[in-house]
Amino acid sequence: MATHMITGAGSGIGAAVARRLHERGDDLVLLARDAGRAKELAGAYPGARTLVGDLANPDRLSWAFSHQTLPDRLDSLLHVAGVVDLGRVGDLTTKAWRSQLDVNLVAPAELTRLLLPQLRVSQGHVVFVNSGAGLNAHAEWSAYAASKHGLKALADSLRHEEHAAGVRVTSVYPGRTASPMQAKVHQQEGKEYDASRWIDPESVATAILTAIDLPRDAEINDLTVRPGR
């Protein structure tokens with residue numbers, strides 16, 4: 001039975017992935033920002049373990065984990081959580097920049113560092129759910145796109161560094177996906193949100209599971225998922 005650690009399991013793509021893995025009987029370790037959220041996730045996925053750590057404060061993750069029991073091994077670490085705050089370069093504050101860089105880039109780097117020993121034990125898989133913005137940046141997306149471009153660099157470097165240890169690394173670049181984050185983006189853009197126009201989170205979950213279930217003779221490095229409608 002495989003063990004997977006997931007960030008962002010509360011909604012959107014993360015919830016779809018967690019549900020699929022839970023339904024097939026795999027062990028889940030779900031990261032929650034606080035004890036209340038951990039209780040909610042434990043109720044939604046009976047038998048799952050939870051860890052409490054705030055991705056918005058990556059400097060404290062090591063301290064938080066030192067007071068909790070980490071799994072002995074991990075078959076996959078799935079970085080799904082993310083935040084977005086649109087704005088023109090001339091308007092974005094340092095707070096907006098730092099919050100997105102911390103959650104979308106620094107926290108995944110720190111979380112990976114802390115869990116690499118468990119991933120090496122099982123020759124596990126690290127999946128970074130990136131974004132189309134990690135490949136192309138558009139007006140008002142500078143801070144978010146910068147965090148996601150950085151996430152691509154993190155994944156590429158990690159792949160080269162850990163190949164000899166048998167750790168696989170995949171970046172997934174979804175286009176606009178029907179989720180609470182997408183609803184927020186539309187609100188910031190001043191546009192009406194119609195979930196039916198965008199990718200179903202279940203479709204992105206299928207892509208992620210394809211990557212982690214691939215036989216060991218191959219690996220998917222980069223996977224772009226675009227709206228089909």
# chains A, B, ... in the order shown; residues from 1 in each chain; ligands from 1

$ residues_around --residues "Glu23 in chain A" --least-positions-apart "4" --cutoff "12 Å" --atoms "only C-alpha atoms" --output "ChimeraX atom specification"
/A:15-19,27-28,44-48

$ select_by_dssp --residues "range 70-163 of chain A" --states "alpha helix (DSSP H)" --output "ChimeraX atom specification"
/A:94-101,107-122,142-162

$ closest_residue --among "A:Leu111, A:Ala139, A:Ala56, A:Leu119" --to "Lys95 in chain A" --atoms "only C-alpha atoms"
A:Ala56

$ residues_around --residues "Trp63 in chain A" --least-positions-apart "4" --cutoff "12 Å" --atoms "only C-alpha atoms" --output "list of chain:residue names"
A:Val52, A:Gly53, A:Asp54, A:Asn57, A:Pro58, A:Asp59, A:His67, A:Gln68, A:Glu110, A:Leu111, A:Leu114

$ closest_residue --among "A:Ser76, A:Asn104, A:Thr93, A:Gln182" --to "Arg120 in chain A" --atoms "only C-alpha atoms"
A:Ser76

$ residues_around --residues "Tyr173 in chain A" --least-positions-apart "2" --cutoff "9 Å" --atoms "only C-alpha atoms" --output "list in words"
Phe128, Val129, Asn130, Ser131, Gly132, Ala133, Gly134, Leu135, Ser171, Gly175, Asp222, Leu223, Thr224, Val225 and Arg226 of chain A

$ write_last_selection --atoms "N, CA and C atoms" --output "compact mmCIF listing (two decimals), in the first residue's frame"
# COMPACT_ATOMS: atom_id res chain seq x y z
N PHE A 128 4.92 18.46 -8.52
CA PHE A 128 4.65 19.88 -8.32
C PHE A 128 3.51 20.27 -9.26
N VAL A 129 2.37 20.62 -8.70
CA VAL A 129 1.28 21.15 -9.53
C VAL A 129 1.59 22.62 -9.78
N ASN A 130 2.04 22.88 -10.98
CA ASN A 130 2.47 24.21 -11.38
C ASN A 130 1.26 24.94 -12.00
N SER A 131 1.43 25.55 -13.13
CA SER A 131 0.37 26.32 -13.78
C SER A 131 0.83 26.68 -15.17
N GLY A 132 -0.12 26.98 -16.03
CA GLY A 132 0.27 27.55 -17.32
C GLY A 132 1.07 28.82 -17.14
N ALA A 133 0.85 29.51 -16.00
CA ALA A 133 1.60 30.72 -15.70
C ALA A 133 3.05 30.43 -15.35
N GLY A 134 3.37 29.15 -15.13
CA GLY A 134 4.76 28.78 -14.90
C GLY A 134 5.55 28.65 -16.18
N LEU A 135 4.86 28.78 -17.31
CA LEU A 135 5.50 28.71 -18.62
C LEU A 135 5.40 30.02 -19.38
N SER A 171 6.49 17.88 -13.03
CA SER A 171 5.76 19.15 -12.99
C SER A 171 4.51 19.02 -13.85
N GLY A 175 -4.05 24.24 -17.19
CA GLY A 175 -4.66 25.50 -17.56
C GLY A 175 -5.74 25.83 -16.54
N ASP A 222 7.42 16.57 -17.46
CA ASP A 222 6.56 17.74 -17.58
C ASP A 222 5.27 17.35 -18.29
N LEU A 223 4.15 17.81 -17.74
CA LEU A 223 2.85 17.41 -18.25
C LEU A 223 1.95 18.65 -18.30
N THR A 224 1.58 19.09 -19.50
CA THR A 224 0.72 20.25 -19.66
C THR A 224 -0.71 19.78 -19.92
N VAL A 225 -1.66 20.35 -19.16
CA VAL A 225 -3.06 19.99 -19.27
C VAL A 225 -3.84 21.25 -19.61
N ARG A 226 -4.46 21.28 -20.77
CA ARG A 226 -5.15 22.48 -21.24
C ARG A 226 -6.65 22.25 -21.33

$ closest_residue --among "A:Ala137, A:Val29, A:Gln100, A:Glu40" --to "Thr69 in chain A" --atoms "only C-alpha atoms"
A:Val29

$ residues_around --residues "range 158-165 of chain A" --least-positions-apart "3" --cutoff "8 Å" --atoms "only C-alpha atoms" --output "number ranges by chain"
A: 120, 123, 154-155, 168-169

$ residues_around --residues "Val80 in chain A" --least-positions-apart "3" --cutoff "8 Å" --atoms "only C-alpha atoms" --output "count of residues only"
8

$ select_by_dssp --residues "chain A" --states "strand (DSSP E)" --output "number ranges by chain"
A: 3-6, 27-32, 49-52, 76-79, 125-129, 168-174, 222-225

$ closest_atom_pairs --of "range 122-179 of chain A" --to "range 81-88 of chain A" --cutoff "7 Å" --atoms "only C-alpha atoms" --output "CSV"
residue,atom,partner,partner_atom,distance
A:Ala139,CA,A:Arg88,CA,6.9
A:Glu140,CA,A:Arg88,CA,4.4
A:Trp141,CA,A:Leu86,CA,5.5
A:Tyr144,CA,A:Val84,CA,5.9

$ closest_residue --among "A:Ala145, A:Ala38, A:Ala2, A:Val126" --to "Arg24 in chain A" --atoms "only C-alpha atoms"
A:Ala2

$ atom_distance --atom1 "CA of Gln118 in chain A" --atom2 "CA of Pro201 in chain A"
27.9 Å

$ closest_residue --among "A:Leu31, A:Arg176, A:Tyr193, A:Gly166" --to "Pro108 in chain A" --atoms "only C-alpha atoms"
A:Leu31
